[in-house]
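For reference, structure13.cif is printed below; it contains mmCIF, C-alpha atoms.
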data_coords
#
loop_
_atom_site.label_atom_id
_atom_site.label_comp_id
_atom_site.auth_asym_id
_atom_site.auth_seq_id
_atom_site.Cartn_x
_atom_site.Cartn_y
_atom_site.Cartn_z
CA SER A 1 -17.80 4.45 133.42
CA ALA A 2 -19.92 4.86 136.55
CA ARG A 3 -17.86 7.96 137.41
CA GLY A 4 -18.12 9.35 133.89
CA ILE A 5 -14.43 8.89 133.14
CA ALA A 6 -13.52 8.25 129.51
CA ILE A 7 -10.91 5.54 129.08
CA GLY A 8 -8.82 5.06 125.97
CA ASN A 9 -6.32 2.47 124.80
CA THR A 10 -4.30 1.52 121.71
CA PRO A 11 -6.21 -1.44 120.21
CA GLY A 12 -4.62 -3.69 117.62
CA VAL A 13 -1.37 -1.79 117.45
CA LEU A 14 0.67 -4.57 119.08
CA THR A 15 -0.52 -7.49 116.97
CA GLU A 16 2.21 -7.81 114.37
CA SER A 17 5.18 -6.86 116.55
CA THR A 18 4.08 -9.25 119.31
CA ALA A 19 3.59 -12.08 116.83
CA ASP A 20 7.09 -11.46 115.44
CA LEU A 21 8.66 -11.49 118.90
CA THR A 22 6.80 -14.69 119.78
CA VAL A 23 8.22 -16.46 116.74
CA ALA A 24 11.66 -15.01 117.51
CA LEU A 25 11.55 -16.52 121.00
CA LEU A 26 10.52 -19.87 119.57
CA LEU A 27 13.40 -19.85 117.10
CA ALA A 28 15.89 -18.69 119.73
CA VAL A 29 14.97 -21.55 122.08
CA ALA A 30 14.64 -24.22 119.40
CA ARG A 31 18.04 -23.43 117.83
CA LYS A 32 19.87 -22.43 121.05
CA VAL A 33 20.69 -19.04 119.59
CA VAL A 34 21.42 -17.24 122.86
CA GLU A 35 23.44 -20.09 124.37
CA SER A 36 25.63 -20.46 121.31
CA HIS A 37 26.05 -16.70 120.93
CA LEU A 38 27.25 -16.34 124.51
CA ASP A 39 29.68 -19.21 124.11
CA ALA A 40 31.11 -17.67 120.95
CA GLN A 41 31.31 -14.24 122.58
CA ASN A 42 33.11 -15.69 125.61
CA GLY A 43 35.76 -17.43 123.54
CA HIS A 44 34.42 -20.99 123.80
CA TRP A 45 34.10 -21.45 120.03
CA LYS A 46 37.17 -23.53 119.21
CA THR A 47 36.03 -25.81 116.41
CA TRP A 48 32.91 -27.23 114.77
CA GLU A 49 31.18 -29.69 117.09
CA PRO A 50 29.09 -32.42 115.41
CA LEU A 51 26.88 -32.68 118.49
CA GLY A 52 27.19 -29.10 119.67
CA TYR A 53 24.11 -26.96 120.27
CA LEU A 54 21.71 -29.46 118.78
CA GLY A 55 18.24 -27.97 118.56
CA LEU A 56 14.84 -28.72 117.10
CA ASP A 57 13.44 -28.43 113.58
CA LEU A 58 10.29 -26.42 113.01
CA VAL A 59 9.09 -27.55 109.58
CA GLY A 60 6.03 -29.77 109.70
CA LYS A 61 5.79 -29.78 113.51
CA THR A 62 2.65 -29.21 115.59
CA VAL A 63 2.17 -25.93 117.44
CA GLY A 64 -0.54 -25.54 120.05
CA ILE A 65 -1.81 -22.02 120.66
CA VAL A 66 -3.79 -21.26 123.79
CA GLY A 67 -5.97 -18.30 122.85
CA LEU A 68 -6.53 -17.70 119.14
CA GLY A 69 -7.37 -14.01 119.15
CA ARG A 70 -5.74 -11.35 116.96
CA ILE A 71 -2.20 -12.03 118.12
CA GLY A 72 -2.64 -15.80 118.35
CA SER A 73 -3.97 -15.85 114.80
CA ALA A 74 -1.04 -13.74 113.59
CA VAL A 75 1.37 -16.24 115.19
CA ALA A 76 -0.52 -19.16 113.64
CA ARG A 77 -0.37 -17.51 110.24
CA ARG A 78 3.41 -17.10 110.44
CA LEU A 79 4.08 -20.64 111.61
CA HIS A 80 1.64 -22.36 109.26
CA ARG A 81 2.66 -20.46 106.14
CA GLY A 82 6.33 -20.07 107.00
CA TRP A 83 7.12 -23.52 108.38
CA ASP A 84 4.14 -25.58 107.22
CA MET A 85 3.21 -26.27 110.83
CA ASN A 86 0.09 -28.07 111.91
CA VAL A 87 -1.78 -25.65 114.20
CA ILE A 88 -4.11 -26.74 116.99
CA TYR A 89 -5.69 -24.38 119.48
CA THR A 90 -7.86 -23.95 122.54
CA SER A 91 -10.23 -21.03 122.91
CA ARG A 92 -13.45 -20.14 124.72
CA SER A 93 -15.22 -20.13 121.38
CA PRO A 94 -14.50 -21.62 117.93
CA ARG A 95 -12.60 -19.60 115.34
CA PRO A 96 -14.21 -20.72 112.05
CA ASP A 97 -12.41 -18.09 109.94
CA ALA A 98 -8.99 -19.24 111.18
CA GLU A 99 -10.00 -22.87 110.80
CA LYS A 100 -10.83 -22.24 107.16
CA GLU A 101 -7.84 -20.02 106.36
CA LEU A 102 -5.12 -21.88 108.24
CA LYS A 103 -6.66 -25.33 108.68
CA VAL A 104 -6.31 -25.00 112.45
CA LYS A 105 -8.12 -27.47 114.68
CA ARG A 106 -9.77 -26.76 118.01
CA VAL A 107 -8.88 -29.31 120.71
CA THR A 108 -9.09 -29.68 124.48
CA PHE A 109 -6.39 -28.19 126.66
CA ASP A 110 -5.04 -31.60 127.66
CA GLN A 111 -5.00 -32.75 124.03
CA LEU A 112 -3.07 -29.63 123.07
CA LEU A 113 -0.47 -30.27 125.77
CA ALA A 114 -0.02 -33.90 124.74
CA GLU A 115 0.21 -33.35 120.97
CA SER A 116 2.11 -30.09 120.59
CA ASP A 117 5.80 -29.81 119.81
CA PHE A 118 5.56 -26.11 120.70
CA VAL A 119 3.05 -24.61 123.13
CA ILE A 120 2.37 -20.88 122.86
CA VAL A 121 0.08 -19.11 125.32
CA MET A 122 -1.67 -16.02 123.94
CA THR A 123 -4.83 -15.92 126.04
CA ASP A 124 -5.92 -13.07 128.28
CA LEU A 125 -5.33 -13.13 132.02
CA ASN A 126 -8.37 -13.70 134.22
CA PRO A 127 -9.21 -15.84 137.27
CA SER A 128 -9.76 -18.92 135.09
CA THR A 129 -6.40 -18.61 133.27
CA GLN A 130 -4.16 -17.47 136.11
CA TYR A 131 -1.44 -20.12 136.61
CA LEU A 132 -3.01 -22.20 133.84
CA PHE A 133 0.45 -23.54 133.20
CA ASP A 134 1.48 -25.19 136.45
CA ARG A 135 3.68 -28.20 137.13
CA ALA A 136 0.90 -30.61 136.16
CA ALA A 137 0.48 -28.88 132.80
CA PHE A 138 4.20 -28.95 132.06
CA GLN A 139 4.32 -32.65 132.94
CA LYS A 140 1.61 -33.34 130.34
CA MET A 141 3.74 -31.79 127.60
CA LYS A 142 6.25 -33.68 125.50
CA ARG A 143 9.73 -33.78 126.97
CA THR A 144 10.87 -32.30 123.66
CA ALA A 145 8.31 -29.47 123.79
CA ILE A 146 9.02 -25.74 124.01
CA PHE A 147 6.83 -23.37 126.03
CA ILE A 148 6.45 -19.73 124.95
CA ASN A 149 4.67 -16.96 126.88
CA SER A 150 4.61 -13.45 125.43
CA ALA A 151 1.15 -12.60 126.80
CA ARG A 152 0.99 -12.22 130.61
CA GLY A 153 3.36 -13.48 133.29
CA PRO A 154 0.81 -14.99 135.69
CA LEU A 155 -0.47 -17.33 132.96
CA HIS A 156 2.33 -19.63 134.11
CA ARG A 157 3.45 -20.40 137.65
CA GLN A 158 7.06 -19.35 137.50
CA THR A 159 8.40 -21.69 140.17
CA ASP A 160 6.75 -24.63 138.37
CA LEU A 161 8.26 -23.61 135.03
CA ILE A 162 11.73 -23.42 136.57
CA ALA A 163 11.23 -26.83 138.19
CA ALA A 164 10.11 -28.33 134.87
CA LEU A 165 13.19 -26.95 133.11
CA GLU A 166 15.54 -28.14 135.84
CA ALA A 167 13.98 -31.63 135.74
CA GLU A 168 14.20 -31.63 131.91
CA GLU A 169 10.47 -32.24 131.66
CA ILE A 170 10.40 -29.90 128.65
CA PHE A 171 13.06 -28.95 126.12
CA GLY A 172 13.05 -25.24 126.83
CA ALA A 173 11.05 -22.05 127.25
CA GLY A 174 10.91 -18.49 125.98
CA LEU A 175 9.42 -15.67 128.03
CA ASP A 176 8.77 -12.01 127.29
CA VAL A 177 6.71 -11.73 130.49
CA THR A 178 7.32 -12.83 134.07
CA ASP A 179 5.61 -12.91 137.45
CA PRO A 180 6.52 -10.60 139.11
CA GLU A 181 7.70 -8.21 136.44
CA PRO A 182 10.49 -7.41 136.44
CA PRO A 183 11.87 -10.25 138.55
CA PRO A 184 13.95 -9.05 141.51
CA SER A 185 17.71 -9.29 141.41
CA GLY A 186 18.80 -12.84 142.12
CA ASP A 187 15.48 -14.39 141.10
CA PRO A 188 15.93 -18.06 140.03
CA ILE A 189 14.36 -17.25 136.66
CA TYR A 190 17.64 -15.64 135.59
CA ARG A 191 19.48 -18.93 136.14
CA ALA A 192 16.88 -21.30 134.70
CA PRO A 193 18.39 -23.68 132.13
CA ARG A 194 17.36 -23.57 128.47
CA LEU A 195 15.35 -20.40 128.98
CA VAL A 196 15.41 -17.32 126.75
CA LEU A 197 14.13 -14.28 128.64
CA THR A 198 13.40 -10.85 127.17
CA PRO A 199 12.26 -7.82 129.22
CA HIS A 200 8.71 -7.38 127.86
CA ILE A 201 9.82 -6.04 124.48
CA ALA A 202 7.01 -7.38 122.28
CA SER A 203 5.93 -3.88 121.25
CA ALA A 204 9.48 -2.52 120.98
CA THR A 205 9.66 -1.71 117.30
CA ILE A 206 9.98 1.81 115.94
CA THR A 207 6.76 1.59 113.94
CA THR A 208 4.70 0.15 116.80
CA ARG A 209 5.95 2.61 119.41
CA HIS A 210 5.33 5.50 116.98
CA ARG A 211 1.75 4.40 116.54
CA MET A 212 1.23 3.80 120.27
CA ALA A 213 2.41 7.33 121.08
CA GLU A 214 0.25 8.82 118.36
CA MET A 215 -2.91 6.97 119.42
CA ALA A 216 -2.38 7.80 123.09
CA ALA A 217 -1.82 11.48 122.28
CA LEU A 218 -4.95 11.62 120.13
CA ASN A 219 -6.98 10.09 122.96
CA ILE A 220 -5.68 12.59 125.52
CA LEU A 221 -6.15 15.59 123.25
CA ALA A 222 -9.73 14.53 122.52
CA GLY A 223 -10.41 14.12 126.23
CA LEU A 224 -9.04 17.56 127.04
CA ALA A 225 -11.26 19.01 124.31
CA ASN A 226 -14.35 17.26 125.69
CA GLU A 227 -14.64 15.23 122.49
CA PRO A 228 -15.20 11.49 122.03
CA LEU A 229 -11.96 9.53 122.24
CA PRO A 230 -10.89 8.13 118.86
CA PHE A 231 -9.77 4.87 120.52
CA PRO A 232 -12.21 4.39 123.42
CA VAL A 233 -12.69 1.53 125.86
CA ASN A 234 -16.04 2.94 127.00
CA PRO A 235 -17.34 4.90 123.98
CA GLU A 236 -20.55 5.84 125.75
CA ILE A 237 -18.54 8.24 127.93
CA VAL A 238 -17.40 11.62 126.61
CA ALA A 239 -15.03 13.77 128.67
CA GLY A 240 -17.20 16.12 130.68
CA ARG A 241 -14.92 18.88 131.92
CA ASN A 242 -12.80 21.41 130.13
CA TRP A 243 -9.12 21.14 131.04
CA ARG A 244 -8.90 24.88 131.64
CA ASN A 245 -11.17 24.44 134.65
CA LEU A 246 -9.09 21.73 136.22
CA PRO A 247 -7.13 22.37 139.39
CA PRO A 248 -3.33 22.54 138.96
CA ALA A 249 -2.95 18.82 139.61
CA GLY A 250 -5.20 18.15 136.65
CA LEU A 251 -2.70 19.78 134.32
CA VAL A 252 -0.59 16.65 134.65
CA SER A 253 -2.65 15.32 131.76
CA ALA A 254 -1.59 18.22 129.59
CA LEU A 255 2.02 17.60 130.51
CA ALA A 256 1.56 13.94 129.62
CA VAL A 257 0.36 14.99 126.16
CA ALA A 258 3.39 17.21 125.70
CA ASN A 259 5.67 14.36 126.76
CA LEU A 260 4.04 11.92 124.34
CA LEU A 261 4.25 14.38 121.49
CA TRP A 262 7.88 15.18 122.22
CA HIS A 263 8.84 11.52 122.20
CA ALA A 264 6.79 10.81 119.10
CA LYS A 265 8.40 13.70 117.26
CA ALA A 266 11.88 12.65 118.45
CA LEU A 267 11.25 9.19 116.98
CA GLY A 268 10.02 10.67 113.72
CA ALA A 269 6.35 9.78 114.18
CA PRO A 270 3.85 11.39 111.80
CA LEU A 271 2.06 14.02 113.86
CA GLU A 272 -0.47 15.23 111.32
CA GLY A 273 -3.82 15.82 112.94
CA LEU A 274 -2.48 16.06 116.49
CA GLY A 275 -3.51 19.71 116.85
#
Please express the file's structure as structure tokens.
Amino acid sequence: SARGIAIGNTPGVLTESTADLTVALLLAVARKVVESHLDAQNGHWKTWEPLGYLGLDLVGKTVGIVGLGRIGSAVARRLHRGWDMNVIYTSRSPRPDAEKELKVKRVTFDQLLAESDFVIVMTDLNPSTQYLFDRAAFQKMKRTAIFINSARGPLHRQTDLIAALEAEEIFGAGLDVTDPEPPPSGDPIYRAPRLVLTPHIASATITTRHRMAEMAALNILAGLANEPLPFPVNPEIVAGRNWRNLPPAGLVSALAVANLLWHAKALGAPLEGLG
């Protein structure tokens, strides 16, 4: 803002797809979906095993959500209404609307760790939340608990999560984010037991990616036209230079627009109003 640069983003577009993926990770870990699928695929399915692939029930359990913003609330709504879960949460400030709608209860972080059958972290990443989930936090959780992170990798200390899984201090974990991301080849995270890992695919639905491309293109086109961005981070700033006066390197922005539009059109995105 100090340099007069307009910044745009794609607010709210990821909420529903991320909430869906979060619940999918929880189900996959709780019911050992990936483990059993791989065994079947590799020819290990010989007969029905009475004690094979025993997982956890979801109905009536307690889920603790760290960070009850838009996405956290969407996750709470799915789990409360779909599986009649008791929802507790931690947040910097109370969420009275969610407390009324979903009967969620605000608790301390330590209380959430101790009481939750499933712990889902949905908070933002900042100096106070970095490595919030370390070995001490995992040791405060139930040994039957599942940890899910589809927000930001550095919210958990990865070596501590692996150690907790190896020591069977928690039942399992599901991650859509890692630290670093992606993990290098041979990273221990790939071999961690009872872990379901997806490569940051929370927004990877056709509808969501369509809308992301459309919103980004609209922002760039508005900036090139010296108009207010429709989805601004700093709305007080309006683009101040016409793209025709930019040096050749500045035309990269125009090429970026063309690329976004091409991909959006290829995916069948509605392009009305894009100029």
For this session: Apply the PyMOL selection byres ((chain A and resi 124) around 12) to the structure shown and report the selected residues as number ranges by chain.
Result: A: 66-72, 91-92, 121-123, 125-132, 149-155
Find the smallest box with edges along x, y and z containing every listed atom of region 97-105 of chain A, then add 8 Å on each side and report centre and edge lengths in Å to one decimal, as lines of an AutoDock Vina configuration file.
center_x = -8.8
center_y = -22.8
center_z = 110.5
size_x = 23.3
size_y = 25.4
size_z = 24.3
For this session: Give me the result of the PyMOL selection byres ((chain A and resi 22) around 10) on this file, residue by residue, as a ChimeraX atom specification.
Result: /A:16-21,23-28,71-72,75,120-122,148-151,174-176,202
So what does the PyMOL selection byres ((chain A and resi 34-44) around 12) actually pick up in this one, as a PDB file with C-alpha atoms, in the coordinates of the input?
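Below you can see result.pdb, which holds the result:
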ATOM      1  CA  ALA A  24      11.660 -15.010 117.510  1.00  0.00           C
ATOM      2  CA  LEU A  25      11.550 -16.520 121.000  1.00  0.00           C
ATOM      3  CA  LEU A  26      10.520 -19.870 119.570  1.00  0.00           C
ATOM      4  CA  LEU A  27      13.400 -19.850 117.100  1.00  0.00           C
ATOM      5  CA  ALA A  28      15.890 -18.690 119.730  1.00  0.00           C
ATOM      6  CA  VAL A  29      14.970 -21.550 122.080  1.00  0.00           C
ATOM      7  CA  ALA A  30      14.640 -24.220 119.400  1.00  0.00           C
ATOM      8  CA  ARG A  31      18.040 -23.430 117.830  1.00  0.00           C
ATOM      9  CA  LYS A  32      19.870 -22.430 121.050  1.00  0.00           C
ATOM     10  CA  VAL A  33      20.690 -19.040 119.590  1.00  0.00           C
ATOM     11  CA  TRP A  45      34.100 -21.450 120.030  1.00  0.00           C
ATOM     12  CA  LYS A  46      37.170 -23.530 119.210  1.00  0.00           C
ATOM     13  CA  THR A  47      36.030 -25.810 116.410  1.00  0.00           C
ATOM     14  CA  TRP A  48      32.910 -27.230 114.770  1.00  0.00           C
ATOM     15  CA  GLU A  49      31.180 -29.690 117.090  1.00  0.00           C
ATOM     16  CA  GLY A  52      27.190 -29.100 119.670  1.00  0.00           C
ATOM     17  CA  TYR A  53      24.110 -26.960 120.270  1.00  0.00           C
ATOM     18  CA  LEU A  54      21.710 -29.460 118.780  1.00  0.00           C
ATOM     19  CA  GLY A  55      18.240 -27.970 118.560  1.00  0.00           C
ATOM     20  CA  GLY A 172      13.050 -25.240 126.830  1.00  0.00           C
ATOM     21  CA  GLY A 174      10.910 -18.490 125.980  1.00  0.00           C
ATOM     22  CA  PRO A 193      18.390 -23.680 132.130  1.00  0.00           C
ATOM     23  CA  ARG A 194      17.360 -23.570 128.470  1.00  0.00           C
ATOM     24  CA  LEU A 195      15.350 -20.400 128.980  1.00  0.00           C
ATOM     25  CA  VAL A 196      15.410 -17.320 126.750  1.00  0.00           C
ATOM     26  CA  LEU A 197      14.130 -14.280 128.640  1.00  0.00           C
ATOM     27  CA  THR A 198      13.400 -10.850 127.170  1.00  0.00           C
TER      28      THR A 198
END
Exercise. Hey, which of A:Pro199, A:Pro180, A:Pro230, A:Gly223 ends up closest to Gln158 (chain A)? Count all atoms listed in the file.
Worked result: A:Pro180
For this session: Excluding region 97-114 of chain A and residues on its chain fewer than 2 positions from it, collect all residues at most 6 Å away from it, counting all atoms listed in the file, and give them as a ChimeraX atom specification.
Result: /A:64,87-90,95,116,140-141
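Checking A:Ile170, A:Leu14, A:Val177, A:Leu58 one by one against Arg157 (chain A), counting only C-alpha atoms, you find the shortest gap at A:Val177.
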Seminar exercise, completed: Expressed in Å, the length from CA of Asn9 (chain A) to CA of His210 (chain A) is 14.4 Å
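CA of Gly12 (chain A) to CA of Asp117 (chain A) spans 28.2 Å [interatomic distance, one decimal].
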